[in-house]
$ cat final-v4.tsv   # TSV, C-alpha atoms
chain	number	residue	atom	x	y	z
A	183	MET	CA	123.82	98.90	136.76
A	184	ASP	CA	120.88	97.53	138.72
A	185	GLU	CA	118.25	95.06	137.58
A	186	LYS	CA	115.64	97.73	136.95
A	187	ILE	CA	117.89	99.47	134.49
A	188	LEU	CA	118.59	96.13	132.81
A	189	ASP	CA	114.84	95.53	132.37
A	190	LYS	CA	114.33	99.01	130.98
A	191	ALA	CA	117.16	98.53	128.52
A	192	LEU	CA	115.73	95.19	127.41
A	193	ALA	CA	112.19	96.58	127.03
A	194	SER	CA	113.45	99.64	125.19
A	195	GLY	CA	115.62	97.53	122.88
A	196	VAL	CA	112.62	95.35	122.02
A	197	ASN	CA	110.41	98.38	121.36
A	198	ARG	CA	112.91	99.75	118.88
A	199	GLY	CA	113.60	96.39	117.28
A	200	GLU	CA	117.22	96.52	118.46
A	201	ILE	CA	116.68	93.35	120.47
A	202	ALA	CA	114.70	90.63	118.72
A	203	LEU	CA	111.58	89.42	120.51
A	204	GLU	CA	110.35	86.18	119.08
A	205	LEU	CA	106.63	85.57	118.69
A	206	ASN	CA	105.43	82.05	118.06
A	207	ASP	CA	102.10	80.24	117.96
A	208	THR	CA	102.28	79.22	121.63
A	209	ILE	CA	102.93	82.78	122.79
A	210	VAL	CA	100.28	84.38	120.59
A	211	ASP	CA	97.68	81.75	121.55
A	212	SER	CA	98.44	82.49	125.18
A	213	LEU	CA	98.20	86.26	124.64
A	214	LEU	CA	94.82	85.73	122.99
A	215	GLU	CA	93.62	83.53	125.83
A	216	HIS	CA	94.99	85.69	128.66
A	217	PRO	CA	95.25	89.27	127.38
A	218	VAL	CA	97.72	91.54	129.13
A	219	GLY	CA	96.11	94.71	130.49
A	220	GLN	CA	92.59	96.03	130.09
A	221	VAL	CA	91.37	97.61	126.86
A	222	SER	CA	88.05	99.48	127.05
A	223	VAL	CA	85.11	98.65	124.83
A	224	ALA	CA	85.11	102.31	123.72
A	225	ALA	CA	88.72	102.03	122.50
A	226	THR	CA	87.84	98.87	120.57
A	227	GLU	CA	84.79	100.50	118.99
A	228	ARG	CA	86.75	103.62	118.05
A	229	THR	CA	89.38	101.48	116.37
A	230	MET	CA	86.82	99.42	114.46
A	231	ALA	CA	85.03	102.57	113.28
A	232	ARG	CA	88.34	104.03	112.09
A	233	LEU	CA	89.13	100.78	110.31
A	234	GLN	CA	85.75	100.72	108.59
A	235	ILE	CA	86.30	104.26	107.31
A	236	ARG	CA	89.75	103.34	105.96
A	237	ARG	CA	88.35	100.28	104.20
A	238	GLN	CA	85.48	102.31	102.71
A	239	ASP	CA	87.91	105.00	101.50
A	240	ALA	CA	90.13	102.38	99.86
A	241	ALA	CA	87.12	100.72	98.20
A	242	LEU	CA	85.82	104.08	96.93
A	243	ALA	CA	89.25	105.02	95.54
A	244	ARG	CA	89.47	101.68	93.72
A	245	ALA	CA	85.91	102.02	92.41
A	246	ARG	CA	86.59	105.56	91.21
A	247	GLU	CA	89.44	104.24	89.05
A	248	LEU	CA	87.19	101.60	87.51
A	249	ILE	CA	84.64	104.05	86.12
A	250	SER	CA	85.95	104.96	82.71
A	251	ASP	CA	83.12	107.16	81.45
A	252	ALA	CA	82.91	109.26	84.63
A	253	GLN	CA	82.87	112.62	82.89
A	254	SER	CA	79.90	111.82	80.68
A	255	LEU	CA	77.80	110.63	83.62
A	256	PRO	CA	75.47	112.97	85.46
A	257	PHE	CA	76.82	113.71	88.93
A	258	GLY	CA	74.25	111.59	90.80
A	259	ARG	CA	74.72	108.56	88.60
A	260	PHE	CA	78.47	108.84	88.97
A	261	MET	CA	78.05	108.86	92.74
A	262	GLU	CA	75.78	105.82	92.54
A	263	ALA	CA	78.19	103.96	90.25
A	264	VAL	CA	81.19	104.57	92.53
A	265	ARG	CA	79.19	103.58	95.61
A	266	GLU	CA	77.90	100.37	94.04
A	267	LYS	CA	81.29	99.35	92.66
A	268	ALA	CA	82.78	99.94	96.10
A	269	GLY	CA	80.12	97.69	97.67
A	270	ILE	CA	78.93	100.45	99.99
A	271	THR	CA	75.30	101.07	100.87
A	272	ARG	CA	73.47	104.40	100.67
A	273	ILE	CA	73.10	104.32	104.45
A	274	GLN	CA	76.88	104.02	104.88
A	275	ILE	CA	77.49	106.92	102.49
A	276	ALA	CA	74.81	108.94	104.28
A	277	ARG	CA	76.56	108.31	107.62
A	278	ARG	CA	79.90	109.43	106.22
A	279	LEU	CA	78.33	112.62	104.89
A	280	LYS	CA	76.19	113.14	108.01
A	281	LYS	CA	73.01	113.13	105.91
A	282	ASP	CA	70.01	110.84	105.67
A	283	GLU	CA	69.60	108.06	103.13
A	284	GLU	CA	66.81	109.89	101.30
A	285	TYR	CA	69.10	112.86	100.63
A	286	ILE	CA	71.70	110.56	99.01
A	287	SER	CA	69.00	108.81	97.06
A	288	ARG	CA	67.70	112.15	95.70
A	289	ILE	CA	71.20	113.17	94.58
A	290	GLU	CA	71.79	109.82	92.88
A	291	ARG	CA	68.44	109.91	91.07
A	292	GLY	CA	69.11	113.44	89.90
A	293	ASP	CA	66.06	114.76	91.76
A	294	LEU	CA	68.30	117.28	93.50
A	295	ASN	CA	69.91	119.80	91.21
A	296	PRO	CA	73.68	119.77	91.97
A	297	ALA	CA	73.64	123.58	91.86
A	298	SER	CA	71.38	123.54	94.91
A	299	ILE	CA	73.75	121.40	97.02
A	300	PRO	CA	75.49	123.68	99.56
A	301	ALA	CA	79.22	124.11	98.88
A	302	PRO	CA	80.37	122.41	102.14
A	303	ASP	CA	78.22	119.35	101.34
A	304	PHE	CA	79.54	119.31	97.79
A	305	ALA	CA	83.11	119.47	99.08
A	306	ASP	CA	82.35	116.60	101.48
A	307	ILE	CA	81.09	114.45	98.61
A	308	MET	CA	84.11	115.27	96.45
A	309	THR	CA	86.46	114.43	99.30
A	310	LEU	CA	84.70	111.15	99.95
A	311	LEU	CA	84.69	110.11	96.29
A	312	HIS	CA	88.22	111.37	95.55
A	313	VAL	CA	87.01	113.38	92.58
A	314	GLY	CA	88.46	116.71	91.45
A	315	LEU	CA	86.73	119.92	90.40
A	316	GLY	CA	87.59	119.41	86.70
A	317	SER	CA	85.66	116.14	86.48
A	318	ILE	CA	82.87	117.46	88.67
A	319	SER	CA	82.31	120.49	86.42
A	320	GLN	CA	81.59	118.29	83.43
A	321	MET	CA	79.35	115.97	85.43
A	322	VAL	CA	77.39	118.88	86.84
A	323	VAL	CA	76.86	120.32	83.36
A	324	ALA	CA	75.77	116.87	82.15
A	325	SER	CA	73.39	116.63	85.13
A	326	THR	CA	71.73	119.92	84.29
A	327	ARG	CA	71.25	119.13	80.62
A	328	ILE	CA	70.01	115.64	81.33
A	329	ALA	CA	67.65	116.94	84.00
A	330	GLU	CA	66.21	119.37	81.44
A	331	LEU	CA	65.76	116.63	78.86
A	332	LYS	CA	64.24	114.30	81.43
A	333	HIS	CA	61.85	117.01	82.46
A	334	THR	CA	60.68	117.27	78.86
A	335	TYR	CA	60.26	113.50	78.57
A	336	ARG	CA	58.41	113.32	81.86
A	337	ALA	CA	56.04	116.02	80.79
A	338	SER	CA	55.47	114.29	77.51
A	339	ALA	CA	55.00	110.91	79.27
A	340	ARG	CA	52.42	112.47	81.62
A	341	SER	CA	50.54	114.01	78.74
A	342	HIS	CA	50.37	110.54	77.19
A	343	GLY	CA	49.04	108.91	80.35
A	344	GLY	CA	52.40	107.70	81.83
A	345	LEU	CA	53.12	107.22	85.54
A	346	ARG	CA	53.93	110.10	87.88
A	347	HIS	CA	57.59	110.34	89.00
A	348	ASP	CA	56.82	109.10	92.54
A	349	THR	CA	55.19	105.94	91.23
A	350	ARG	CA	57.83	105.07	88.64
A	351	THR	CA	60.39	102.46	89.65
A	352	ALA	CA	64.14	103.10	89.97
A	353	ASP	CA	64.70	101.04	86.82
A	354	VAL	CA	62.47	103.30	84.76
A	355	GLU	CA	64.23	106.38	86.17
A	356	ARG	CA	67.59	104.87	85.28
A	357	ALA	CA	66.44	104.06	81.77
A	358	LEU	CA	65.17	107.60	81.41
A	359	ASP	CA	68.56	108.85	82.52
A	360	ALA	CA	70.41	106.68	80.02
A	361	PHE	CA	68.10	107.78	77.24
A	362	ALA	CA	68.53	111.44	78.13
A	363	ARG	CA	72.32	110.97	78.17
A	364	LYS	CA	72.19	109.49	74.71
A	365	MET	CA	70.09	112.35	73.43
A	366	GLN	CA	72.35	114.88	75.10
A	367	LYS	CA	75.41	113.39	73.40
A	368	LYS	CA	73.59	113.41	70.04
A	369	ALA	CA	72.53	117.00	70.43
A	370	ALA	CA	76.16	117.95	71.17
A	371	THR	CA	75.10	121.40	72.21
A	372	SER	CA	77.57	124.07	73.30
A	373	SER	CA	79.97	122.85	75.99
A	374	GLY	CA	79.94	126.05	78.06
A	375	VAL	CA	79.03	125.95	81.74
A	376	PRO	CA	75.66	127.60	82.50
A	377	PRO	CA	75.99	130.71	84.75
A	378	GLU	CA	74.20	129.21	87.79
A	379	MET	CA	76.57	126.24	87.60
A	380	ASN	CA	79.56	128.54	87.38
A	381	ALA	CA	78.46	130.26	90.57
A	382	CYS	CA	78.00	126.90	92.30
A	383	LEU	CA	81.42	125.63	91.18
A	384	THR	CA	83.09	128.84	92.34
A	385	ARG	CA	81.59	128.38	95.80
A	386	VAL	CA	82.82	124.77	95.85
A	387	ARG	CA	86.29	125.89	94.74
A	388	ASP	CA	86.39	128.46	97.57
A	389	GLU	CA	85.30	125.82	100.07
A	390	LEU	CA	88.00	123.39	98.91
A	391	GLU	CA	90.63	126.12	99.10
A	392	ARG	CA	89.46	127.00	102.61
A	393	ARG	CA	89.93	123.34	103.58
A	394	GLY	CA	93.37	123.23	102.00
A	395	ARG	CA	92.31	120.52	99.52
A	396	LYS	CA	94.41	121.70	96.58
A	397	ASP	CA	94.50	118.12	95.31
A	398	LEU	CA	90.77	118.36	94.49
A	399	LEU	CA	90.99	121.65	92.61
A	400	VAL	CA	92.27	120.04	89.43
B	237	MET	CA	74.20	76.58	109.05
B	238	GLY	CA	76.26	74.66	111.61
B	239	SER	CA	79.27	74.20	109.34
B	240	ALA	CA	79.06	77.80	108.12
B	241	THR	CA	79.35	79.17	111.64
B	242	ALA	CA	81.93	76.52	112.63
B	243	ILE	CA	84.31	78.09	110.10
B	244	TYR	CA	84.36	81.18	112.29
B	245	ASP	CA	85.22	79.30	115.49
B	246	ASP	CA	88.91	79.16	114.66
B	247	LEU	CA	90.66	82.06	112.93
B	248	ASN	CA	93.51	79.74	112.01
B	249	SER	CA	91.43	77.05	110.35
B	250	PRO	CA	92.10	76.47	106.63
B	251	ALA	CA	88.39	77.06	105.91
B	252	PHE	CA	88.36	80.47	107.60
B	253	ILE	CA	91.60	81.53	105.92
B	254	LYS	CA	90.20	80.45	102.55
B	255	GLU	CA	87.08	82.54	103.22
B	256	LEU	CA	89.23	85.51	104.22
B	257	LYS	CA	91.41	85.21	101.13
B	258	SER	CA	88.31	85.09	98.93
B	259	GLY	CA	87.52	88.62	100.11
B	260	SER	CA	84.54	87.72	102.30
B	261	LEU	CA	83.42	90.83	104.19
B	262	GLN	CA	81.81	88.65	106.82
B	263	ALA	CA	85.10	86.88	107.51
B	264	LEU	CA	86.93	90.19	107.63
B	265	GLU	CA	84.43	91.66	110.09
B	266	HIS	CA	84.74	88.57	112.26
B	267	LEU	CA	88.52	88.90	112.26
B	268	ASP	CA	88.25	92.59	113.21
B	269	ARG	CA	85.77	91.89	116.00
B	270	THR	CA	87.88	89.08	117.41
B	271	LEU	CA	91.31	90.68	117.22
B	272	THR	CA	90.94	94.45	117.62
B	273	GLN	CA	90.91	94.46	121.41
B	274	HIS	CA	93.82	91.99	121.62
B	275	LEU	CA	95.91	94.00	119.19
B	276	ILE	CA	95.35	97.27	121.05
B	277	GLY	CA	96.32	95.47	124.27
B	278	PHE	CA	99.46	93.97	122.73
B	279	LEU	CA	100.54	97.30	121.28
B	280	ARG	CA	99.89	99.19	124.52
B	281	PHE	CA	101.03	96.80	127.20
B	282	VAL	CA	103.68	94.73	125.46
B	283	MET	CA	105.08	97.17	122.91
B	284	ASN	CA	104.52	100.30	125.08
B	285	VAL	CA	102.76	102.32	122.39
B	286	PRO	CA	100.69	105.16	123.94
B	287	GLU	CA	96.94	104.52	124.03
B	288	ALA	CA	95.72	106.75	121.16
B	289	ASP	CA	98.57	105.61	118.92
B	290	ALA	CA	97.90	101.98	119.79
B	291	GLU	CA	94.35	102.36	118.48
B	292	GLU	CA	95.64	103.94	115.26
B	293	LEU	CA	98.27	101.23	114.83
B	294	ALA	CA	95.76	98.43	115.50
B	295	SER	CA	93.56	99.77	112.70
B	296	ASP	CA	96.69	100.01	110.49
B	297	VAL	CA	97.49	96.38	111.21
B	298	LEU	CA	94.02	95.10	110.40
B	299	PHE	CA	93.91	97.24	107.28
B	300	ALA	CA	97.25	95.78	106.18
B	301	VAL	CA	95.93	92.29	106.89
B	302	SER	CA	92.92	92.84	104.64
B	303	SER	CA	95.16	94.15	101.84
B	304	HIS	CA	97.85	91.48	102.11
B	305	VAL	CA	96.09	88.38	103.42
B	306	ASN	CA	96.71	86.68	100.09
B	307	THR	CA	100.44	86.71	100.80
B	308	PHE	CA	99.94	84.74	104.02
B	309	LEU	CA	101.32	81.26	103.52
B	310	GLN	CA	98.84	78.79	104.92
B	311	GLY	CA	100.55	75.76	106.43
B	312	GLY	CA	103.76	77.75	106.68
B	313	SER	CA	105.83	78.41	109.77
B	314	ALA	CA	103.20	80.40	111.69
B	315	LYS	CA	99.47	80.57	112.28
B	316	LEU	CA	97.47	83.46	110.84
B	317	THR	CA	97.12	85.05	114.28
B	318	THR	CA	100.90	84.86	114.84
B	319	TRP	CA	101.45	86.45	111.42
B	320	ILE	CA	99.09	89.28	112.40
B	321	PHE	CA	100.82	89.83	115.76
B	322	GLU	CA	104.17	89.94	113.92
B	323	ILE	CA	102.78	92.72	111.74
B	324	ALA	CA	101.63	94.53	114.89
B	325	LYS	CA	105.08	94.14	116.47
B	326	ASN	CA	106.78	95.54	113.37
B	327	ARG	CA	104.36	98.49	113.23
B	328	ALA	CA	105.16	99.23	116.87
B	329	ILE	CA	108.90	99.11	116.17
B	330	ASP	CA	108.42	101.54	113.27
B	331	PHE	CA	106.41	103.77	115.59
B	332	HIS	CA	109.16	103.85	118.23
B	333	ARG	CA	111.86	104.52	115.64
B	334	LYS	CA	109.95	107.31	113.92
B	335	PRO	CA	111.17	110.76	114.97
B	336	ARG	CA	108.39	112.66	116.72
B	337	LEU	CA	108.76	116.25	117.74
B	338	ASP	CA	105.64	116.30	119.85
B	339	ALA	CA	106.60	113.44	122.19
B	340	VAL	CA	107.72	114.47	125.64
B	341	THR	CA	108.56	111.93	128.31
B	342	ILE	CA	106.57	112.58	131.45
B	343	ASP	CA	107.07	109.14	132.94
B	344	ASP	CA	110.39	107.38	133.08
B	345	LYS	CA	108.67	104.03	133.03
B	346	PHE	CA	109.16	103.90	129.27
B	347	PRO	CA	112.39	105.76	128.63
B	348	ASP	CA	112.25	104.94	124.94
B	349	CYS	CA	109.33	107.31	124.35
B	350	GLY	CA	111.43	110.45	124.62
B	351	PRO	CA	111.73	113.11	121.94
B	352	ALA	CA	113.51	112.21	118.72
B	353	GLY	CA	117.23	111.88	119.16
B	354	SER	CA	117.12	112.41	122.93
B	355	ASP	CA	119.02	109.22	123.57
B	356	ALA	CA	120.63	108.67	120.19
B	357	GLY	CA	123.95	106.91	120.53
B	358	ARG	CA	123.67	106.92	124.33
B	359	ASN	CA	123.26	103.19	124.65
B	360	LYS	CA	124.95	101.98	121.49
B	361	GLN	CA	127.90	100.40	123.24
B	362	PHE	CA	125.76	98.95	126.01
B	363	LEU	CA	123.21	97.63	123.54
B	364	SER	CA	125.88	95.92	121.52
B	365	TRP	CA	127.25	94.29	124.68
B	366	LEU	CA	123.74	93.30	125.79
B	367	ASN	CA	122.94	91.69	122.45
B	368	GLY	CA	126.21	89.77	122.68
B	369	GLU	CA	125.30	88.48	126.15
B	370	LEU	CA	121.77	87.56	125.07
B	371	ALA	CA	123.19	85.59	122.13
B	372	LYS	CA	125.19	83.47	124.59
B	373	LEU	CA	122.01	82.43	126.40
B	374	GLY	CA	119.69	79.58	125.48
B	375	GLU	CA	116.42	80.39	123.74
B	376	ALA	CA	114.30	79.92	126.86
B	377	ASP	CA	116.54	82.08	129.07
B	378	ARG	CA	116.60	84.83	126.51
B	379	ALA	CA	112.82	84.76	126.10
B	380	LEU	CA	112.36	84.72	129.88
B	381	LEU	CA	114.45	87.86	130.30
B	382	LEU	CA	112.69	89.70	127.49
B	383	TRP	CA	109.10	88.81	128.38
B	384	ARG	CA	109.69	89.61	132.03
B	385	ALA	CA	111.17	92.95	131.00
B	386	LYS	CA	107.79	93.42	129.30
B	387	GLU	CA	106.16	92.68	132.66
B	388	ILE	CA	104.39	89.52	131.51
B	389	ALA	CA	103.50	87.42	134.57
B	390	TYR	CA	105.66	84.43	135.51
B	391	ALA	CA	102.48	82.34	135.49
B	392	GLN	CA	102.03	83.17	131.79
B	393	VAL	CA	105.65	83.09	130.64
B	394	GLY	CA	106.56	79.88	132.49
B	395	PRO	CA	104.32	77.56	130.46
B	396	TRP	CA	105.50	79.15	127.17
B	397	LEU	CA	108.98	78.01	128.08
B	398	GLY	CA	107.96	74.64	129.50
B	399	MET	CA	108.57	75.48	133.17
B	400	SER	CA	106.50	76.17	136.26
B	401	GLU	CA	105.81	79.66	137.58
B	402	GLY	CA	108.20	79.09	140.50
B	403	ALA	CA	110.97	77.76	138.26
B	404	ALA	CA	110.55	80.73	135.94
B	405	ARG	CA	110.82	83.13	138.88
B	406	THR	CA	114.00	81.50	140.23
B	407	ARG	CA	115.63	81.25	136.84
B	408	HIS	CA	114.80	84.84	135.98
B	409	SER	CA	116.22	86.11	139.23
B	410	ARG	CA	119.48	84.21	138.64
B	411	LEU	CA	119.73	85.42	135.04
B	412	ARG	CA	119.24	89.06	135.99
B	413	ALA	CA	121.83	88.80	138.74
B	414	GLN	CA	124.34	87.21	136.34
B	415	LEU	CA	123.74	89.81	133.68
B	416	THR	CA	123.96	92.83	135.97
B	417	SER	CA	127.22	91.67	137.54
B	418	ALA	CA	128.64	90.91	134.10
B	419	ALA	CA	127.61	94.42	133.01
B	420	LYS	CA	129.38	95.95	135.98
B	421	ALA	CA	132.56	94.12	135.05
B	422	ALA	CA	132.34	94.80	131.32
B	423	ILE	CA	131.24	98.42	131.23
B	424	PRO	CA	133.16	100.85	133.41
B	425	MET	CA	131.03	103.33	135.40
B	426	GLU	CA	131.09	106.87	134.04
B	427	GLU	CA	133.31	109.16	136.02
B	428	LYS	CA	131.37	111.67	138.02
B	429	PRO	CA	132.24	115.26	137.16
B	430	GLN	CA	134.31	117.02	139.79
B	431	HIS	CA	132.70	120.06	141.33
B	432	GLY	CA	134.34	122.97	143.11

$ encode --input "final-v4.tsv" --output "structure tokens"
Amino acid sequence: MDEKILDKALASGVNRGEIALELNDTIVDSLLEHPVGQVSVAATERTMARLQIRRQDAALARARELISDAQSLPFGRFMEAVREKAGITRIQIARRLKKDEEYISRIERGDLNPASIPAPDFADIMTLLHVGLGSISQMVVASTRIAELKHTYRASARSHGGLRHDTRTADVERALDAFARKMQKKAATSSGVPPEMNACLTRVRDELERRGRKDLLV
Amino acid sequence: MGSATAIYDDLNSPAFIKELKSGSLQALEHLDRTLTQHLIGFLRFVMNVPEADAEELASDVLFAVSSHVNTFLQGGSAKLTTWIFEIAKNRAIDFHRKPRLDAVTIDDKFPDCGPAGSDAGRNKQFLSWLNGELAKLGEADRALLLWRAKEIAYAQVGPWLGMSEGAARTRHSRLRAQLTSAAKAAIPMEEKPQHG
């Protein structure tokens, strides 16, 4: 056996944990002060971006668990609630979904009918929020009914000299949402899924199946 | 302002660790920015993890740190940075032990990166002997052999062990010579197969 083979055996044993390599404060301080080898800035940035995504995913999963009344919320408000509980900004969500902030804002406010969101985008949102098709169906139905009620209230507010939707504040919109939800619960109308929603959910189901995301079909 | 930024000057200061344990995103980001490059370097060049995997493992390590920082014992046996490097070392060991079907050795520089099971049992006897010999050595000699096997410069290893670069070089050379001749005596050479 020559010395090269000895070194290889030692290095290999350390790599596999078969030979114990002790790390202490002196050694780690020295490694921090005089790094071994060159690591590119690109590699560092890639790693940090990957880490940020993992942290966001973990925060979203935790937030998702904390929202108890998810199924009675309209889809957009659910998305907003998860995002806010996770401490993530609209811009960060927009980046993850490869959309702009305004698009996310429109979904959250309920200005964009969920039925009009393309299936791949819908599947992206569901994947990001860790939410299955079963929960989404109910939220989407709630969204549609609430949007209809809100539309009625808006029209009535306008006819009584209220503000136009683009000059109302987010707080007023949110209050309108909450009120519409209350009214929708009171009305307790039939729980069937409207046909246009059914078509939308079928497209989303197909998209999830195509992606192999069986976990989100429930 | 001054004291707030001073907290971030030393990752091992009690104030910074307290901030980190409180869940401060700013502290976490600072930790990531400061350590990511070092961790990738340690995993690649010390623990011989391939480049792409080293990046993945470094993000694993920092993610684990953010999830488990509350279990770090401040004022315990090691600094926070040492604790983090220990996690990185253990992740690298797990990586090397994990069977991988897609790994093919194209460079014999790191013979331990071969396909799963390619060298299973091959070195068991030798490894056991080697561990026995290493146990007979003093702490400094053992560390010198291992860190040099990891190609860390004498100029860096020497001061860790309280010796000059020259002394480290001489001592290492003597240790390797001793160990290789002991190996020759202890482990008989394999008989070459007879041809013809």

$ interface_residues --input "final-v4.tsv" --of "chain B" --to "chain A" --cutoff "8 Å" --atoms "only C-alpha atoms" --output "number ranges by chain"
B: 268-269, 272-274, 276-278, 281-284, 291-292, 294-296, 298-299, 314-315, 317-318, 321-322, 326, 328-330, 332-333, 345-348, 363, 367, 379, 381-382, 384-386, 388, 392, 396, 412-413, 416, 419-420

$ axis_aligned_box --input "final-v4.tsv" --around "segment 225-238 of chain A" --padding-each-side "4 Å" --output "lines of an AutoDock Vina configuration file"
center_x = 87.3
center_y = 101.6
center_z = 112.6
size_x = 13.0
size_y = 13.4
size_z = 27.8

$ closest_residue --input "final-v4.tsv" --among "B:Pro335, B:Pro395, B:Gly259, B:Gly402" --to "Gly269 of chain A" --atoms "only C-alpha atoms"
B:Gly259

$ residues_around --input "final-v4.tsv" --residues "Asp289 of chain B" --least-positions-apart "4" --cutoff "9 Å" --atoms "only C-alpha atoms" --output "PyMOL selection string"
chain B and resi 279-280+285+293-294+331

$ atom_distance --input "final-v4.tsv" --atom1 "atom CA of Asp303 of chain A" --atom2 "atom CA of Lys281 of chain A"
9.3 Å

$ closest_residue --input "final-v4.tsv" --among "A:Arg259, A:Ile270, A:Thr326, A:Met308" --to "Pro377 of chain A" --atoms "all atoms listed in the file"
A:Thr326

$ atom_distance --input "final-v4.tsv" --atom1 "atom CA of Trp383 of chain B" --atom2 "atom CA of Ala422 of chain B"
24.2 Å

$ atom_distance --input "final-v4.tsv" --atom1 "atom CA of Leu310 of chain A" --atom2 "atom CA of Val301 of chain B"
23.0 Å

$ decode --input "final-v4.tsv" --residues "segment 298-333 of chain B" --atoms "C-alpha atoms" --output "JSON list (two decimals), in the first residue's frame"
[["chain", "number", "residue", "atom", "x", "y", "z"],
["B", 298, "LEU", "CA", -29.68, 26.05, 6.16],
["B", 299, "PHE", "CA", -33.30, 24.94, 6.02],
["B", 300, "ALA", "CA", -32.65, 22.51, 8.87],
["B", 301, "VAL", "CA", -30.95, 25.29, 10.82],
["B", 302, "SER", "CA", -33.99, 27.55, 10.49],
["B", 303, "SER", "CA", -36.28, 24.72, 11.65],
["B", 304, "HIS", "CA", -34.13, 23.53, 14.54],
["B", 305, "VAL", "CA", -32.21, 26.58, 15.72],
["B", 306, "ASN", "CA", -34.17, 26.50, 18.97],
["B", 307, "THR", "CA", -32.48, 23.22, 19.86],
["B", 308, "PHE", "CA", -29.03, 24.81, 19.62],
["B", 309, "LEU", "CA", -27.57, 25.08, 23.09],
["B", 310, "GLN", "CA", -26.06, 28.50, 23.48],
["B", 311, "GLY", "CA", -22.97, 28.45, 25.69],
["B", 312, "GLY", "CA", -22.67, 24.72, 25.10],
["B", 313, "SER", "CA", -19.70, 22.84, 23.71],
["B", 314, "ALA", "CA", -19.66, 24.47, 20.27],
["B", 315, "LYS", "CA", -20.31, 27.78, 18.55],
["B", 316, "LEU", "CA", -23.37, 28.16, 16.31],
["B", 317, "THR", "CA", -21.19, 28.06, 13.19],
["B", 318, "THR", "CA", -19.53, 24.82, 14.35],
["B", 319, "TRP", "CA", -22.97, 23.33, 15.03],
["B", 320, "ILE", "CA", -24.02, 24.27, 11.48],
["B", 321, "PHE", "CA", -20.87, 22.77, 9.93],
["B", 322, "GLU", "CA", -21.51, 19.57, 11.93],
["B", 323, "ILE", "CA", -24.97, 19.40, 10.37],
["B", 324, "ALA", "CA", -23.37, 19.89, 6.94],
["B", 325, "LYS", "CA", -20.85, 17.12, 7.64],
["B", 326, "ASN", "CA", -23.60, 14.72, 8.69],
["B", 327, "ARG", "CA", -25.68, 15.56, 5.59],
["B", 328, "ALA", "CA", -22.64, 14.83, 3.43],
["B", 329, "ILE", "CA", -22.10, 11.48, 5.18],
["B", 330, "ASP", "CA", -25.76, 10.59, 4.56],
["B", 331, "PHE", "CA", -25.30, 11.59, 0.94],
["B", 332, "HIS", "CA", -22.26, 9.32, 0.47],
["B", 333, "ARG", "CA", -23.99, 6.40, 2.18]]
